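Participant: Quick one: the structure is below, and I'll ask about it shortly.
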Amino acid sequence: MIKHISLALVLFSTYGFAVSMNFSGNFRTEGVSLNNLGQHLGGTKGQNKQYFLGRFLLDPNLVIDDHFSIKSQWNLINSKSLTNGAATPLGIANDGWVYGDVNTSFMTLTKAWLEWTSDFGVVRAGRMPISWGYGLLWDAGNGIWDRYSDVRDRLEYRLHLGHVVGAVAYSKFRKESTIEQTSDQDFYTIYLQYDNPEMDVEGGILYEKQSRSESQGTTMTTGAGNPFALPAGAGTPYPLSVKSPYPHSNNVIDAYLKKTIGSFTLGGELTWLKGDAYSYVAGGDYQDLDAWGATANITYQNHKVKIFTEFLYAGGDNDLTDKNLKGFVLLNRNRSPGLLLGKELLGPYSGNGANQGSLVVYGDQDSFSGVLMLRPGFRIDWSPTLASGLEVIYARKAAVKDGEEANLGTEIDVGTDYNVYKNFDLGGTVAVLFPGKGIRVANPETIYGFRTTASLRF
């Protein structure tokens, strides 16, 4: 079979086009040990958790000529059961497999698209990753430790005029049915970007019209199928799955800016959602949606020292029954830092899934917590191959009901990275979380975590 394919490629390149192919990709693996996630509550699973995770992504690029190329991404091994969504063919997840999972699958094509470059602009068509700004809404998940990738079936036209890029696009998320509007999502996008490396400035503004069918929630009374409920497809949903509204027909306006001044880099992103959303808790009707999300950061880097502070806001809603929805439910899941607060489910929601946590799942009945997060930290490069760092993550709910606790906790992460050889890195992280009562535990106890990592880029 391989010989036949090779012969076909030779004949095609000889009598047709000068086709060439190049590959890039990465492999990562990690061992994780976590303690006291369930807070010793009755009936909870996953008090302590240990597992090994791996991921192997391959990015082939088929170059037809100077104008045409076909790009794709393959997830070579992934788990169906323990890292939910990773095994969906042409899906949206970017995670891998749990070693020993008997339900693993192999060679999953997750992205494939055509790019045509001409004097009149660039046309892209297919199932492709998308990103924008700081990834508050859309993140392609290109970082080696990113766990999620925003993917759309998309037709996009870009025009480059010097430092200015303009684009229009029509997109659909992964559609589970071809019948009428079942499980349908239609997005119309227009944006302008400005990128000037000489001035160390980048920014952009985006407008998107989003329309989703009612069937995004396959069971309106339980919330099963709600695309903004986490973890997706994990069996019996926890409360966010039941009560989280999802946008139905809404507008998105997003603007971001990055600027470097000497040793300082400043930037931020602001997003506004306006329209209507479907609410599970208000009898299944549509309600007004008016929600905000924002992130800002400042970084100082001088020689071997890097100091940074990040702020994140995702609007919450303390009353999902009042016909006015204010929850920023589109917060990208890659915006969940830390080993514990952003990666694991704590207290009554603790379970056996891997990396299914979120900062916005702890609202009381009929409320959506949202999040306010502050993350200061620093990194020191001791040598060209050895670096250490520390970060503190402080998180609170953005909205609370009367009598509801807002404090989610304070986490301290200390880590070290060692570059063994070229693109091969080893690392280790120790994390301590002092959870607040906002995780819905009356007397929260300290949580500990430890992770070792290895990664290879090629």
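Each chain in the structure tokens gets a letter, A, B and so on, in the order shown; residues start at 1 in every chain, and ligands are counted from 1 in the order they appear.
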Please identify every residue of stretch 55-142 of chain A that has at least one atom no farther than 7 Å from an atom of stretch 26-33 of chain A, counting only C-alpha atoms, and for each give the shortest atom pair and the distance in Å to one decimal, arranged by chain then increasing number, as JSON lines.
Facilitator:
```
{"residue": "A:Arg55", "atom": "CA", "partner": "A:Arg28", "partner_atom": "CA", "distance": 5.4}
{"residue": "A:Phe56", "atom": "CA", "partner": "A:Phe27", "partner_atom": "CA", "distance": 4.5}
{"residue": "A:Leu57", "atom": "CA", "partner": "A:Asn26", "partner_atom": "CA", "distance": 5.5}
{"residue": "A:Leu58", "atom": "CA", "partner": "A:Asn26", "partner_atom": "CA", "distance": 6.8}
```
Participant: List the neighbours of stretch 418-430 of chain A out to 10 Å using only C-alpha atoms; skip same-chain residues closer than 5 positions along the sequence, and give me the result as a compact mmCIF listing (two decimals) with C-alpha atoms, in the first residue's frame.
Facilitator:
```txt
# COMPACT_ATOMS: atom_id res chain seq x y z
CA ASN A 26 5.09 17.79 18.91
CA PHE A 27 4.90 15.09 21.53
CA ARG A 28 4.23 15.73 25.19
CA THR A 29 3.76 13.54 28.25
CA GLU A 30 3.11 14.26 31.90
CA GLY A 31 2.69 12.46 35.18
CA VAL A 32 0.26 14.03 37.66
CA SER A 33 -0.42 13.36 41.34
CA GLY A 338 -2.59 26.67 37.15
CA LEU A 339 -2.34 22.98 37.95
CA SER A 383 21.28 29.51 32.07
CA PRO A 384 20.37 28.96 28.41
CA THR A 385 18.99 25.53 29.41
CA LEU A 386 17.62 25.95 32.95
CA ALA A 387 14.77 28.17 34.15
CA SER A 388 12.57 28.40 37.24
CA GLY A 389 9.41 30.31 37.99
CA LEU A 390 6.66 31.03 40.47
CA ILE A 412 0.87 28.90 44.42
CA ASP A 413 2.74 27.08 41.64
CA TYR A 448 -1.65 19.63 46.84
CA GLY A 449 -0.48 18.73 43.36
CA PHE A 450 2.69 17.61 41.61
CA ARG A 451 3.41 17.26 37.89
CA THR A 452 6.39 16.12 35.83
CA THR A 453 6.53 16.90 32.11
CA ALA A 454 8.49 16.01 28.99
CA SER A 455 8.01 17.54 25.55
CA LEU A 456 9.58 17.20 22.11
CA ARG A 457 9.08 19.53 19.14
CA PHE A 458 10.03 18.66 15.60
```
Participant: What's the 12 Å shell around A:Thr271, counting only C-alpha atoms, without same-chain residues fewer than 5 positions away, as an MDAnalysis selection string?
Facilitator: chainID A and resid 132:138 204:208 251:256 290:296 312:315 328:332
Participant: Selected residues, N, CA and C atoms, written as an mmCIF file, in the first residue's frame, please.
Facilitator:
```cif
data_model
loop_
_atom_site.group_PDB
_atom_site.id
_atom_site.type_symbol
_atom_site.label_atom_id
_atom_site.label_comp_id
_atom_site.auth_asym_id
_atom_site.auth_seq_id
_atom_site.Cartn_x
_atom_site.Cartn_y
_atom_site.Cartn_z
ATOM 1 N N TRP A 132 -7.611 34.666 17.997
ATOM 2 C CA TRP A 132 -7.807 36.116 17.935
ATOM 3 C C TRP A 132 -7.268 36.722 19.214
ATOM 4 N N GLY A 133 -6.427 37.748 19.074
ATOM 5 C CA GLY A 133 -5.941 38.506 20.210
ATOM 6 C C GLY A 133 -5.246 37.649 21.250
ATOM 7 N N TYR A 134 -5.662 37.819 22.499
ATOM 8 C CA TYR A 134 -5.096 37.063 23.612
ATOM 9 C C TYR A 134 -5.826 35.743 23.866
ATOM 10 N N GLY A 135 -6.732 35.380 22.969
ATOM 11 C CA GLY A 135 -7.429 34.112 23.128
ATOM 12 C C GLY A 135 -8.545 34.146 24.147
ATOM 13 N N LEU A 136 -9.100 35.324 24.415
ATOM 14 C CA LEU A 136 -10.215 35.416 25.358
ATOM 15 C C LEU A 136 -11.426 34.638 24.841
ATOM 16 N N LEU A 137 -11.668 34.743 23.528
ATOM 17 C CA LEU A 137 -12.753 34.016 22.882
ATOM 18 C C LEU A 137 -12.248 32.832 22.068
ATOM 19 N N TRP A 138 -11.338 33.105 21.151
ATOM 20 C CA TRP A 138 -10.894 32.090 20.198
ATOM 21 C C TRP A 138 -9.401 31.847 20.356
ATOM 22 N N GLY A 204 -6.343 44.885 16.964
ATOM 23 C CA GLY A 204 -7.385 44.547 16.012
ATOM 24 C C GLY A 204 -8.758 44.730 16.610
ATOM 25 N N ILE A 205 -9.749 44.778 15.724
ATOM 26 C CA ILE A 205 -11.144 44.851 16.136
ATOM 27 C C ILE A 205 -11.938 43.871 15.287
ATOM 28 N N LEU A 206 -12.860 43.160 15.921
ATOM 29 C CA LEU A 206 -13.621 42.087 15.270
ATOM 30 C C LEU A 206 -15.098 42.260 15.568
ATOM 31 N N TYR A 207 -15.909 42.009 14.540
ATOM 32 C CA TYR A 207 -17.360 41.904 14.717
ATOM 33 C C TYR A 207 -17.809 40.552 14.185
ATOM 34 N N GLU A 208 -18.667 39.891 14.959
ATOM 35 C CA GLU A 208 -19.172 38.590 14.528
ATOM 36 C C GLU A 208 -20.640 38.466 14.885
ATOM 37 N N ASN A 251 -24.558 39.218 18.882
ATOM 38 C CA ASN A 251 -23.429 39.902 18.261
ATOM 39 C C ASN A 251 -22.228 39.849 19.189
ATOM 40 N N VAL A 252 -21.046 39.792 18.597
ATOM 41 C CA VAL A 252 -19.787 39.830 19.338
ATOM 42 C C VAL A 252 -18.950 40.981 18.813
ATOM 43 N N ILE A 253 -18.500 41.834 19.708
ATOM 44 C CA ILE A 253 -17.530 42.881 19.362
ATOM 45 C C ILE A 253 -16.327 42.688 20.255
ATOM 46 N N ASP A 254 -15.159 42.558 19.637
ATOM 47 C CA ASP A 254 -13.937 42.276 20.393
ATOM 48 C C ASP A 254 -12.816 43.167 19.871
ATOM 49 N N ALA A 255 -12.036 43.732 20.798
ATOM 50 C CA ALA A 255 -10.881 44.543 20.437
ATOM 51 C C ALA A 255 -9.717 44.175 21.336
ATOM 52 N N TYR A 256 -8.510 44.161 20.769
ATOM 53 C CA TYR A 256 -7.321 43.872 21.568
ATOM 54 C C TYR A 256 -6.168 44.756 21.115
ATOM 55 N N ASP A 290 -26.406 40.251 27.652
ATOM 56 C CA ASP A 290 -25.546 41.441 27.688
ATOM 57 C C ASP A 290 -24.390 41.128 28.616
ATOM 58 N N ALA A 291 -23.282 40.643 28.050
ATOM 59 C CA ALA A 291 -22.186 40.118 28.870
ATOM 60 C C ALA A 291 -20.849 40.679 28.401
ATOM 61 N N TRP A 292 -19.923 40.771 29.359
ATOM 62 C CA TRP A 292 -18.594 41.321 29.100
ATOM 63 C C TRP A 292 -17.518 40.358 29.589
ATOM 64 N N GLY A 293 -16.420 40.348 28.852
ATOM 65 C CA GLY A 293 -15.224 39.641 29.267
ATOM 66 C C GLY A 293 -14.008 40.502 28.970
ATOM 67 N N ALA A 294 -12.960 40.376 29.775
ATOM 68 C CA ALA A 294 -11.775 41.206 29.578
ATOM 69 C C ALA A 294 -10.546 40.513 30.140
ATOM 70 N N THR A 295 -9.408 40.805 29.546
ATOM 71 C CA THR A 295 -8.132 40.375 30.097
ATOM 72 C C THR A 295 -7.117 41.486 29.860
ATOM 73 N N ALA A 296 -6.174 41.610 30.780
ATOM 74 C CA ALA A 296 -5.117 42.610 30.666
ATOM 75 C C ALA A 296 -3.857 42.045 31.297
ATOM 76 N N LEU A 312 -7.930 38.651 34.619
ATOM 77 C CA LEU A 312 -8.971 38.050 33.789
ATOM 78 C C LEU A 312 -10.332 38.306 34.417
ATOM 79 N N TYR A 313 -11.287 38.717 33.582
ATOM 80 C CA TYR A 313 -12.662 38.928 34.039
ATOM 81 C C TYR A 313 -13.617 38.265 33.055
ATOM 82 N N ALA A 314 -14.469 37.398 33.573
ATOM 83 C CA ALA A 314 -15.567 36.831 32.796
ATOM 84 C C ALA A 314 -16.841 37.096 33.578
ATOM 85 N N GLY A 315 -17.722 37.898 33.028
ATOM 86 C CA GLY A 315 -18.903 38.341 33.752
ATOM 87 C C GLY A 315 -19.752 37.194 34.255
ATOM 88 N N PHE A 328 -20.685 35.585 30.962
ATOM 89 C CA PHE A 328 -19.785 35.494 29.812
ATOM 90 C C PHE A 328 -19.436 34.019 29.598
ATOM 91 N N VAL A 329 -20.368 33.290 28.980
ATOM 92 C CA VAL A 329 -20.233 31.841 28.856
ATOM 93 C C VAL A 329 -19.281 31.428 27.744
ATOM 94 N N LEU A 330 -18.794 32.371 26.938
ATOM 95 C CA LEU A 330 -17.896 32.034 25.838
ATOM 96 C C LEU A 330 -16.423 32.101 26.220
ATOM 97 N N LEU A 331 -16.105 32.213 27.500
ATOM 98 C CA LEU A 331 -14.709 32.261 27.916
ATOM 99 C C LEU A 331 -13.977 31.009 27.420
ATOM 100 N N ASN A 332 -12.841 31.215 26.730
ATOM 101 C CA ASN A 332 -12.081 30.089 26.193
ATOM 102 C C ASN A 332 -11.463 29.269 27.316
#
```
Participant: Have a look at A:Arg147, A:Lys258, A:Arg335, A:Lys437 and name the one nearest to A:Tyr362; count only C-alpha atoms.
Facilitator: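 Of A:Arg147, A:Lys258, A:Arg335, A:Lys437, the one nearest A:Tyr362, counting only C-alpha atoms, is A:Lys437.
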Participant: Report the residues of stretch 95-324 of chain A whose backbone DSSP state falls under strand (DSSP E or B), written as JSON, numbers by chain.
Facilitator: {"A": [97, 98, 104, 105, 106, 107, 108, 109, 110, 111, 112, 113, 114, 115, 116, 117, 118, 121, 122, 123, 124, 125, 126, 127, 128, 129, 148, 151, 152, 153, 154, 155, 156, 157, 158, 159, 160, 161, 164, 165, 166, 167, 168, 169, 170, 171, 172, 185, 186, 187, 188, 189, 190, 191, 192, 193, 194, 195, 196, 201, 202, 203, 204, 205, 206, 207, 208, 209, 210, 211, 212, 246, 247, 248, 249, 250, 251, 252, 253, 254, 255, 256, 257, 258, 259, 260, 261, 264, 265, 266, 267, 268, 269, 270, 271, 272, 273, 274, 275, 276, 277, 278, 286, 287, 288, 289, 290, 291, 292, 293, 294, 295, 296, 297, 298, 299, 300, 301, 302, 305, 306, 307, 308, 309, 310, 311, 312, 313, 314, 317, 324]}
Participant: Take the residues from that selection and write them out as a short mmCIF file (atom, residue, chain, number, x, y, z; two decimals), in the first residue's frame, keeping C-alpha atoms.
Facilitator:
```cif
data_model
loop_
_atom_site.label_atom_id
_atom_site.label_comp_id
_atom_site.auth_asym_id
_atom_site.auth_seq_id
_atom_site.Cartn_x
_atom_site.Cartn_y
_atom_site.Cartn_z
CA TRP A 97 -4.73 9.94 25.92
CA VAL A 98 -4.45 8.46 29.35
CA THR A 104 -7.99 4.71 22.97
CA SER A 105 -8.28 5.34 19.24
CA PHE A 106 -5.61 6.08 16.68
CA MET A 107 -4.92 8.48 13.80
CA THR A 108 -7.71 11.00 14.27
CA LEU A 109 -7.81 13.76 11.64
CA THR A 110 -8.84 16.92 13.51
CA LYS A 111 -8.15 19.70 10.99
CA ALA A 112 -7.77 19.99 7.20
CA TRP A 113 -7.96 23.11 5.03
CA LEU A 114 -6.85 24.63 1.73
CA GLU A 115 -4.96 27.92 1.42
CA TRP A 116 -4.82 29.82 -1.87
CA THR A 117 -2.49 32.83 -2.04
CA SER A 118 -2.72 35.33 -4.89
CA GLY A 121 -5.41 38.14 -1.11
CA VAL A 122 -5.54 34.82 0.70
CA VAL A 123 -8.48 32.40 0.63
CA ARG A 124 -8.75 29.64 3.24
CA ALA A 125 -11.40 26.93 3.17
CA GLY A 126 -11.94 23.83 5.27
CA ARG A 127 -11.91 22.80 8.91
CA MET A 128 -9.27 25.04 10.44
CA PRO A 129 -8.08 26.38 13.81
CA TYR A 148 -8.19 22.98 23.57
CA VAL A 151 -11.89 24.76 15.15
CA ARG A 152 -14.43 25.89 12.56
CA ASP A 153 -15.64 24.82 9.16
CA ARG A 154 -14.75 28.12 7.56
CA LEU A 155 -14.48 30.05 4.32
CA GLU A 156 -12.23 33.08 4.82
CA TYR A 157 -10.81 35.83 2.64
CA ARG A 158 -7.90 37.96 3.83
CA LEU A 159 -6.42 41.05 2.20
CA HIS A 160 -2.98 42.28 3.30
CA LEU A 161 -2.22 45.98 2.75
CA VAL A 164 -3.09 46.21 7.85
CA VAL A 165 -5.01 42.98 7.38
CA GLY A 166 -8.72 42.89 6.62
CA ALA A 167 -10.83 39.76 6.47
CA VAL A 168 -14.35 38.45 6.04
CA ALA A 169 -15.42 34.90 6.87
CA TYR A 170 -18.38 32.55 7.09
CA SER A 171 -18.06 29.74 9.63
CA LYS A 172 -19.84 26.79 11.16
CA GLN A 185 -24.33 27.23 14.10
CA ASP A 186 -23.70 30.03 11.58
CA PHE A 187 -21.11 32.75 12.20
CA TYR A 188 -20.44 35.80 10.00
CA THR A 189 -17.17 37.59 10.78
CA ILE A 190 -15.38 40.73 9.72
CA TYR A 191 -12.18 42.06 11.27
CA LEU A 192 -9.28 44.47 10.87
CA GLN A 193 -5.81 43.90 12.29
CA TYR A 194 -2.75 46.13 12.48
CA ASP A 195 0.68 44.56 13.03
CA ASN A 196 3.81 46.71 12.89
CA VAL A 201 2.52 47.20 18.24
CA GLU A 202 -0.33 44.90 17.29
CA GLY A 203 -4.07 45.32 17.58
CA GLY A 204 -7.38 44.55 16.01
CA ILE A 205 -11.14 44.85 16.14
CA LEU A 206 -13.62 42.09 15.27
CA TYR A 207 -17.36 41.90 14.72
CA GLU A 208 -19.17 38.59 14.53
CA LYS A 209 -22.82 37.71 14.12
CA GLN A 210 -23.60 34.35 15.73
CA SER A 211 -26.73 32.23 15.24
CA ARG A 212 -27.32 28.86 16.92
CA TYR A 246 -26.10 29.48 25.67
CA PRO A 247 -26.11 32.32 23.14
CA HIS A 248 -28.80 31.91 20.48
CA SER A 249 -28.70 34.97 18.21
CA ASN A 250 -26.11 37.46 19.31
CA ASN A 251 -23.43 39.90 18.26
CA VAL A 252 -19.79 39.83 19.34
CA ILE A 253 -17.53 42.88 19.36
CA ASP A 254 -13.94 42.28 20.39
CA ALA A 255 -10.88 44.54 20.44
CA TYR A 256 -7.32 43.87 21.57
CA LEU A 257 -4.00 45.71 21.71
CA LYS A 258 -0.38 44.72 22.42
CA LYS A 259 2.44 47.23 22.77
CA THR A 260 6.11 46.88 23.75
CA ILE A 261 7.88 49.86 25.32
CA PHE A 264 7.73 46.41 29.21
CA THR A 265 4.95 44.76 27.20
CA LEU A 266 1.39 45.87 27.89
CA GLY A 267 -1.81 44.59 26.40
CA GLY A 268 -5.38 43.61 26.82
CA GLU A 269 -8.57 42.36 25.18
CA LEU A 270 -12.21 43.37 25.69
CA THR A 271 -15.27 41.45 24.45
CA TRP A 272 -18.96 42.35 24.47
CA LEU A 273 -21.76 39.85 23.81
CA LYS A 274 -25.16 41.33 22.95
CA GLY A 275 -28.34 39.62 21.77
CA ASP A 276 -30.38 36.80 23.22
CA ALA A 277 -29.61 33.46 24.79
CA TYR A 278 -31.52 30.31 25.65
CA TYR A 286 -35.10 33.29 25.30
CA GLN A 287 -33.69 36.08 27.42
CA ASP A 288 -31.67 39.21 26.75
CA LEU A 289 -27.90 38.63 26.69
CA ASP A 290 -25.55 41.44 27.69
CA ALA A 291 -22.19 40.12 28.87
CA TRP A 292 -18.59 41.32 29.10
CA GLY A 293 -15.22 39.64 29.27
CA ALA A 294 -11.77 41.21 29.58
CA THR A 295 -8.13 40.38 30.10
CA ALA A 296 -5.12 42.61 30.67
CA ASN A 297 -1.46 41.97 31.36
CA ILE A 298 1.85 43.68 31.87
CA THR A 299 5.24 42.00 31.47
CA TYR A 300 8.70 43.22 32.36
CA GLN A 301 11.63 41.33 30.86
CA ASN A 302 15.26 42.28 31.32
CA VAL A 305 14.35 37.94 34.60
CA LYS A 306 10.72 38.07 33.51
CA ILE A 307 8.01 39.51 35.80
CA PHE A 308 4.35 39.44 34.79
CA THR A 309 0.84 40.10 36.03
CA GLU A 310 -2.36 38.93 34.32
CA PHE A 311 -5.93 39.96 35.06
CA LEU A 312 -8.97 38.05 33.79
CA TYR A 313 -12.66 38.93 34.04
CA ALA A 314 -15.57 36.83 32.80
CA ASP A 317 -24.89 36.35 36.66
CA ASN A 324 -31.41 39.44 31.73
#
```
Participant: If you count only C-alpha atoms, which residues fall within 8 Å of A:Phe368, apart from same-chain ones fewer than 4 positions away, as a list in words?
Facilitator: Leu240, Lys243, Ser244, Gly316, Asp317, Asn318, Asp319, Leu320, Gly327, Val360, Val361, Tyr362, Gly363, Asp364 and Ala399 of chain A
Participant: Could you tell me how far atom CA of A:Gly162 sits from atom CA of A:His67, in Å to one decimal place?
Facilitator: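 Separating atom CA of A:His67 from atom CA of A:Gly162 is a distance of 19.4 Å.
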Participant: Name the closest residue to A:Glu198 among the candidates A:Trp382, A:Ser263, A:Ile70, A:His163; distances are taken between atoms, counting only C-alpha atoms.
Facilitator: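 Closest candidate: A:His163.
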Participant: Can you work out which one of A:Asn443, A:Ser79, A:Thr321, A:Asn355 has the shortest atom-to-atom distance to A:Leu34, counting only C-alpha atoms?
Facilitator: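 Result for the nearest residue to A:Leu34: A:Asn355.
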Participant: Would you mind writing down, as a list in words, each residue of stretch 67-215 of chain A that DSSP on the backbone assigns to helix (DSSP H, G or I)?
Facilitator: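 The helix (DSSP H, G or I) subset of stretch 67-215 of chain A is Pro197, Glu198, Met199, Glu214 and Ser215 of chain A.
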Participant: What is the atom CA of A:Asp285 to atom CA of A:Glu405 distance in Å?
Facilitator: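 Computing the Euclidean distance for atom CA of A:Asp285 and atom CA of A:Glu405 yields 28.7 Å.
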